[in-house]
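Chemist: Take a look at the following structure, please.
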Amino acid sequence: MTAMVEVRGLVNRFGRQTVHRNLDMTVAEGEVFGIVGGSGSGKSVLLRTILGLQKPNAGTVLLGGRDITRMSVGELRAVKAGYGVTFQQGALFSSLNVLQNVQLPMVEHLQLPRRTLDELAMLKLRLVGLGPDAARKFPSQLSGGMVKRVALARALALDPKLLFLDEPTSGLDPIGAQAFDELVVYLHRELQLTVVMITHDLDTLFGTCTRVGVLVDGKMITDTLAGIVHNPQPWIHAYFQGQRARQRETSQRETGHGA
Amino acid sequence: MYCVARRQADRVELALRGEWRAATLAAIEPEIAALDLGGNRRLQIDASGAQFDLSGAWLLHDYLARACAAGVNAEFSGEPPPALALVTRTLDAQPALPGIEATSQTAWLDPAFAVEGLGRKTVAGWRLIESLLEFVGRVSYAAGRDAVSLKRWRPTSITRHVYDTGITAIPIVALIGFLIAVILAYMGAQQLRKFGADIYVVDLVTVGVLRELGVLLTAIIVAGRSGSAFAAEIGAMRLNEEVDALQAIGVDPIEMLVLPRVIGLVIALPLLTVIADGIGLVGGGLLCHTLLGMPLAQYLNRANESIASTTFWVGIIKAPVFALLIALAGTWCGLRVRGSSRDLGRLTTMAVVQAIFFVILADALFAVLFMEMDI
């Protein structure tokens, strides 16, 4: 398997504060890779670096085997057409309606006639579970769950092989979050996507991810789900064995008894 | 070539090749459109040589749907591409989340729609006036309530707004004051020279700047600078739900956001006007000296004679009123932002337009008032 995302020796500094020290990370094709870390551990900075929105102080970032830290703006543009991203707050363009939001990457990167654009954008909206009646709404008229879905549809506009999700289920109720997790799993299977997601939601982590990377002290500790749960590192232990995690396990055991 | 058609006796064999992807769609579309079945009703498709992503599969789906509608019987010689099945499944499925009904795009042709639109606009206009009255009322109430307790005046906040709207505006206001004097002196000199009444240029400059133009142009500059800043600041706070948070904490946004800005500007604008007036007079003197060869002593002398005791105050008295109008227009528009960044832009623009409009309207009323009062 080839590596879709490969980060080697990444260093990011802001003033005197070092966020990443020699961070390494590899995401293989077809994986759903979850990134976990405490607040301020540099998850968002890592994502921004991988997306090429920010130059690291040192280290390389390879997307599909090509180093994006040494690319010109033009080359980077081509790379950016090859991945999709959703941001934490959705980041929908509030002056455009839902259909135009989904079309924007297509309009920018492809020369297609109006009808094709409309139909393709509709297809993407249907894919994330939205109906044609949602297409003419504006972002301010959407619920939180719909915003996340539209953001996902926009991320899928150019049929990328690689998808980045930043806190995809934050701000959603458990039912909405679970529906969104199922959607991600469905799309991952049907479109053979590689997914990299930042998440705090243990349910999302266990429901979707194949491997997990934990950001601790500027480095990344990567393991499978089964392995990471028993990692002795104090922060990881607290994260997976803490009060909230235990409650989750208990509730699962109880429902297991009931079934 | 992304598709190759071969005509047989009873059918057309269509071989698909290459990458049917979003990036190549623009190249495939004309090829698909140019396909000619020559009246054949059977189409056999071999998709084994091509790779599909969802966009490519949609194109094939779209073509098949149209062929099917035209009575063509299409079938795959091998396995149909899996992405095609996904497209079909997605488009056939019921959406999981229902939305509101979309309005039809030709609805405006309907006469009832026009009547409805007129009605809506009227009601919206009335609501706007109501909300303006409500806003002015709430500001007055808050000001009256807070007047008794000095602590509620938020001196820190007021100071900040005096700095932002006043101190930082000094360079531009001074420059404008100077340029206005230059314009008046030039215009006046040109016309008055015809009558040999050069000396009255001084009257024109001093009275013009002090009574009217100094304060008016300062107000217009400040409306552009600070009126828009007020609307944008408060509007962004609304988008960020900060105003809701204030209300939830039990703080009146009028008291916290509107009053300090209003008071700050009411303090700052008269001071700015004084600066504009001063620079205007200096500029007038400079111009009279260079343009008309008038000694500075004579300029001062003449200025002294032309300025009545009220001239300066007639100008400066308008400044707090203009400041009030600018600050109220800016903050009112800012508080009306809801939903989107587009709204923010619209209302920021409106804040400036309204502020300048009200300033000029008020100036006209002042002119009438002062004439009636004979000053």
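In the structure tokens, chains take letters A, B, ... by order of appearance, with residues numbered from 1 within each chain and ligands from 1 in the order shown.
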With 6 Å as the limit and counting only C-alpha atoms, what residues in chain A lie close to chain B? Please list them as an mmCIF file with C-alpha atoms, in the first residue's frame.

Modeler:
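Here's the written file part-v3.cif:
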data_model
loop_
_atom_site.group_PDB
_atom_site.id
_atom_site.type_symbol
_atom_site.label_atom_id
_atom_site.label_comp_id
_atom_site.auth_asym_id
_atom_site.auth_seq_id
_atom_site.Cartn_x
_atom_site.Cartn_y
_atom_site.Cartn_z
ATOM 1 C CA SER A 94 -22.650 32.635 3.526
ATOM 2 C CA SER A 95 -23.364 34.717 0.433
ATOM 3 C CA GLN A 111 -14.835 23.969 -17.360
ATOM 4 C CA LEU A 112 -18.292 22.473 -17.453
ATOM 5 C CA LEU A 127 -24.900 11.514 -1.677
ATOM 6 C CA GLY A 129 -28.414 12.729 2.285
ATOM 7 C CA LEU A 130 -29.811 16.145 1.346
ATOM 8 C CA GLY A 131 -32.817 16.685 -0.899
ATOM 9 C CA ASP A 133 -35.334 21.398 -1.556
ATOM 10 C CA ALA A 134 -32.212 22.177 0.480
ATOM 11 C CA SER A 140 -27.807 30.814 7.675
ATOM 12 C CA LEU A 158 -14.074 17.204 -7.258
#

Chemist: List the neighbours of region 351-354 of chain B out to 10 Å using only C-alpha atoms; skip same-chain residues closer than 5 positions along the sequence, and give me the result as a ChimeraX atom specification.

Modeler: /B:220-232,325-334,345-346,359-360

Chemist: Please produce a file of those selected residues containing N, CA, C and O atoms, as an mmCIF file, in the first residue's frame.

Modeler:
data_model
loop_
_atom_site.group_PDB
_atom_site.id
_atom_site.type_symbol
_atom_site.label_atom_id
_atom_site.label_comp_id
_atom_site.auth_asym_id
_atom_site.auth_seq_id
_atom_site.Cartn_x
_atom_site.Cartn_y
_atom_site.Cartn_z
ATOM 1 N N ILE B 220 -18.624 64.096 7.677
ATOM 2 C CA ILE B 220 -18.716 63.116 6.585
ATOM 3 C C ILE B 220 -17.534 62.137 6.635
ATOM 4 O O ILE B 220 -17.705 60.934 6.481
ATOM 5 N N ILE B 221 -16.341 62.676 6.923
ATOM 6 C CA ILE B 221 -15.175 61.794 7.083
ATOM 7 C C ILE B 221 -15.410 60.806 8.218
ATOM 8 O O ILE B 221 -15.180 59.604 8.091
ATOM 9 N N VAL B 222 -15.882 61.320 9.338
ATOM 10 C CA VAL B 222 -16.087 60.462 10.503
ATOM 11 C C VAL B 222 -17.187 59.441 10.228
ATOM 12 O O VAL B 222 -17.109 58.294 10.665
ATOM 13 N N ALA B 223 -18.223 59.862 9.473
ATOM 14 C CA ALA B 223 -19.276 58.906 9.125
ATOM 15 C C ALA B 223 -18.670 57.751 8.327
ATOM 16 O O ALA B 223 -18.993 56.582 8.557
ATOM 17 N N GLY B 224 -17.788 58.064 7.399
ATOM 18 C CA GLY B 224 -17.152 57.012 6.603
ATOM 19 C C GLY B 224 -16.233 56.145 7.428
ATOM 20 O O GLY B 224 -16.216 54.921 7.278
ATOM 21 N N ARG B 225 -15.465 56.786 8.344
ATOM 22 C CA ARG B 225 -14.514 56.017 9.134
ATOM 23 C C ARG B 225 -15.210 55.243 10.239
ATOM 24 O O ARG B 225 -15.107 54.025 10.336
ATOM 25 N N SER B 226 -15.910 55.995 11.102
ATOM 26 C CA SER B 226 -16.372 55.417 12.356
ATOM 27 C C SER B 226 -17.775 54.830 12.257
ATOM 28 O O SER B 226 -18.079 53.845 12.914
ATOM 29 N N GLY B 227 -18.623 55.440 11.418
ATOM 30 C CA GLY B 227 -19.957 54.858 11.244
ATOM 31 C C GLY B 227 -19.848 53.439 10.734
ATOM 32 O O GLY B 227 -20.500 52.518 11.237
ATOM 33 N N SER B 228 -18.980 53.232 9.743
ATOM 34 C CA SER B 228 -18.800 51.885 9.198
ATOM 35 C C SER B 228 -18.134 50.986 10.233
ATOM 36 O O SER B 228 -18.485 49.818 10.365
ATOM 37 N N ALA B 229 -17.170 51.541 10.980
ATOM 38 C CA ALA B 229 -16.485 50.714 11.989
ATOM 39 C C ALA B 229 -17.466 50.245 13.053
ATOM 40 O O ALA B 229 -17.450 49.079 13.460
ATOM 41 N N PHE B 230 -18.352 51.143 13.507
ATOM 42 C CA PHE B 230 -19.349 50.752 14.512
ATOM 43 C C PHE B 230 -20.214 49.615 13.988
ATOM 44 O O PHE B 230 -20.429 48.612 14.664
ATOM 45 N N ALA B 231 -20.730 49.801 12.763
ATOM 46 C CA ALA B 231 -21.617 48.785 12.206
ATOM 47 C C ALA B 231 -20.878 47.461 12.054
ATOM 48 O O ALA B 231 -21.407 46.404 12.388
ATOM 49 N N ALA B 232 -19.640 47.501 11.567
ATOM 50 C CA ALA B 232 -18.901 46.258 11.329
ATOM 51 C C ALA B 232 -18.548 45.568 12.639
ATOM 52 O O ALA B 232 -18.706 44.350 12.776
ATOM 53 N N LEU B 325 -26.023 61.445 15.384
ATOM 54 C CA LEU B 325 -26.664 60.795 14.225
ATOM 55 C C LEU B 325 -25.760 59.706 13.648
ATOM 56 O O LEU B 325 -26.210 58.609 13.339
ATOM 57 N N ILE B 326 -24.470 60.009 13.519
ATOM 58 C CA ILE B 326 -23.532 59.030 12.948
ATOM 59 C C ILE B 326 -23.450 57.796 13.841
ATOM 60 O O ILE B 326 -23.547 56.660 13.372
ATOM 61 N N ALA B 327 -23.288 58.031 15.132
ATOM 62 C CA ALA B 327 -23.121 56.909 16.054
ATOM 63 C C ALA B 327 -24.386 56.058 16.112
ATOM 64 O O ALA B 327 -24.317 54.822 16.125
ATOM 65 N N LEU B 328 -25.551 56.715 16.112
ATOM 66 C CA LEU B 328 -26.802 55.952 16.168
ATOM 67 C C LEU B 328 -27.003 55.148 14.891
ATOM 68 O O LEU B 328 -27.388 53.976 14.932
ATOM 69 N N ALA B 329 -26.709 55.769 13.735
ATOM 70 C CA ALA B 329 -26.874 55.036 12.474
ATOM 71 C C ALA B 329 -25.947 53.823 12.438
ATOM 72 O O ALA B 329 -26.359 52.720 12.064
ATOM 73 N N GLY B 330 -24.696 54.011 12.857
ATOM 74 C CA GLY B 330 -23.720 52.911 12.829
ATOM 75 C C GLY B 330 -24.114 51.777 13.754
ATOM 76 O O GLY B 330 -24.165 50.616 13.350
ATOM 77 N N THR B 331 -24.436 52.110 15.002
ATOM 78 C CA THR B 331 -24.735 51.049 15.956
ATOM 79 C C THR B 331 -26.080 50.374 15.644
ATOM 80 O O THR B 331 -26.211 49.171 15.791
ATOM 81 N N TRP B 332 -27.016 51.168 15.172
ATOM 82 C CA TRP B 332 -28.327 50.585 14.838
ATOM 83 C C TRP B 332 -28.170 49.564 13.707
ATOM 84 O O TRP B 332 -28.701 48.452 13.775
ATOM 85 N N CYS B 333 -27.449 49.946 12.674
ATOM 86 C CA CYS B 333 -27.230 49.012 11.565
ATOM 87 C C CYS B 333 -26.461 47.788 12.039
ATOM 88 O O CYS B 333 -26.755 46.666 11.645
ATOM 89 N N GLY B 334 -25.467 47.999 12.898
ATOM 90 C CA GLY B 334 -24.683 46.861 13.397
ATOM 91 C C GLY B 334 -25.553 45.869 14.137
ATOM 92 O O GLY B 334 -25.456 44.658 13.945
ATOM 93 N N GLY B 345 -22.045 43.172 5.285
ATOM 94 C CA GLY B 345 -21.605 44.130 4.273
ATOM 95 C C GLY B 345 -22.704 45.109 3.914
ATOM 96 O O GLY B 345 -22.492 46.317 3.831
ATOM 97 N N ARG B 346 -23.919 44.576 3.740
ATOM 98 C CA ARG B 346 -25.060 45.416 3.360
ATOM 99 C C ARG B 346 -25.317 46.486 4.428
ATOM 100 O O ARG B 346 -25.481 47.664 4.127
ATOM 101 N N VAL B 359 -26.754 63.448 8.388
ATOM 102 C CA VAL B 359 -25.907 64.603 8.689
ATOM 103 C C VAL B 359 -26.273 65.768 7.777
ATOM 104 O O VAL B 359 -26.452 66.909 8.227
ATOM 105 N N ILE B 360 -26.434 65.492 6.488
ATOM 106 C CA ILE B 360 -26.736 66.575 5.549
ATOM 107 C C ILE B 360 -28.144 67.113 5.779
ATOM 108 O O ILE B 360 -28.388 68.321 5.747
#

Chemist: Go ahead and compute the interatomic distance for CA of Ala157 (chain A) and CA of Gly84 (chain A), in Å to one decimal.

Modeler: 7.9 Å

Chemist: Taking the DSSP secondary structure from the backbone, can you list the residues of region 14-186 of chain A that are strand (DSSP E), as number ranges by chain?

Modeler: A: 14, 17-28, 32-37, 58-63, 66-67, 83-86, 162-166

Chemist: Could you tell me how far CA of Leu60 (chain B) sits from CA of Leu14 (chain B), in Å to one decimal place?

Modeler: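 Those two atoms sit 11.7 Å apart.
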
Chemist: For Val45 (chain A), please output as a PDB file with N, CA and C atoms, in the first residue's frame all residues within 10 Å (counting only C-alpha atoms; exclusion window: fewer than 5 positions along the same chain).

Modeler:
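Output file around_24.pdb is given in full below:
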ATOM      1  N   ASN A  12       7.042  22.821  13.988  1.00  0.00           N
ATOM      2  CA  ASN A  12       6.298  24.084  13.898  1.00  0.00           C
ATOM      3  C   ASN A  12       6.523  24.875  15.162  1.00  0.00           C
ATOM      4  N   VAL A  19       5.314  23.804  18.774  1.00  0.00           N
ATOM      5  CA  VAL A  19       4.088  23.010  18.749  1.00  0.00           C
ATOM      6  C   VAL A  19       4.382  21.565  18.332  1.00  0.00           C
ATOM      7  N   HIS A  20       5.166  21.426  17.295  1.00  0.00           N
ATOM      8  CA  HIS A  20       5.535  20.075  16.837  1.00  0.00           C
ATOM      9  C   HIS A  20       7.058  19.922  16.876  1.00  0.00           C
ATOM     10  N   GLY A  40      -4.875  22.701  22.271  1.00  0.00           N
ATOM     11  CA  GLY A  40      -3.571  23.353  22.197  1.00  0.00           C
ATOM     12  C   GLY A  40      -2.431  22.410  21.879  1.00  0.00           C
ATOM     13  N   ILE A  50      -0.533  20.176   6.701  1.00  0.00           N
ATOM     14  CA  ILE A  50      -0.734  19.115   5.705  1.00  0.00           C
ATOM     15  C   ILE A  50      -1.492  19.663   4.496  1.00  0.00           C
ATOM     16  N   LEU A  51      -2.429  20.569   4.745  1.00  0.00           N
ATOM     17  CA  LEU A  51      -3.213  21.132   3.642  1.00  0.00           C
ATOM     18  C   LEU A  51      -2.402  22.118   2.815  1.00  0.00           C
ATOM     19  N   LEU A  53      -1.629  25.135   3.866  1.00  0.00           N
ATOM     20  CA  LEU A  53      -2.072  26.494   4.174  1.00  0.00           C
ATOM     21  C   LEU A  53      -1.017  27.227   4.982  1.00  0.00           C
ATOM     22  N   GLN A  54      -0.007  26.483   5.429  1.00  0.00           N
ATOM     23  CA  GLN A  54       0.961  27.063   6.340  1.00  0.00           C
ATOM     24  C   GLN A  54       2.278  26.332   6.160  1.00  0.00           C
ATOM     25  N   PRO A  56       5.743  24.801   7.310  1.00  0.00           N
ATOM     26  CA  PRO A  56       6.360  24.388   8.571  1.00  0.00           C
ATOM     27  C   PRO A  56       7.766  24.985   8.708  1.00  0.00           C
TER      28      PRO A  56
END

Chemist: Would you mind listing what lies within 12 Å of region 1-5 of chain B as an MDAnalysis selection string, with only C-alpha atoms counted and same-chain residues fewer than 2 positions away left out?

Modeler: chainID B and resid 7:8 11:21 24:38 40 43:52 56 60

Chemist: Would you kindly return, as an MDAnalysis selection string, each protein, DNA or RNA residue with an atom no farther than 9 Å from any atom of Lys55 (chain A), considering only C-alpha atoms and excluding same-chain residues fewer than 3 positions away?

Modeler: chainID A and resid 12 48:49 52 58 69

Chemist: Could you give me, as a list in words, the residues within 7 Å of Leu172 (chain A), counting only C-alpha atoms and dropping anything in the same chain fewer than 4 positions from it?

Modeler: Gly144, Gly145, Gly176 and Ala177 of chain A

Chemist: Output N, CA, C and O atoms of each residue in that selection to a file, as a compact mmCIF listing (two decimals), in the first residue's frame.

Modeler:
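again35.txt, freshly written:
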# COMPACT_ATOMS: atom_id res chain seq x y z
N GLY A 144 -27.31 22.78 12.23
CA GLY A 144 -25.91 22.38 12.38
C GLY A 144 -25.56 21.12 11.60
O GLY A 144 -24.54 21.05 10.93
N GLY A 145 -26.45 20.14 11.68
CA GLY A 145 -26.19 18.87 10.99
C GLY A 145 -26.17 19.06 9.48
O GLY A 145 -25.35 18.45 8.78
N GLY A 176 -27.49 12.88 15.49
CA GLY A 176 -26.94 13.50 14.30
C GLY A 176 -25.49 13.08 14.09
O GLY A 176 -25.05 12.82 12.97
N ALA A 177 -24.74 13.01 15.21
CA ALA A 177 -23.33 12.63 15.12
C ALA A 177 -23.20 11.20 14.61
O ALA A 177 -22.35 10.91 13.76
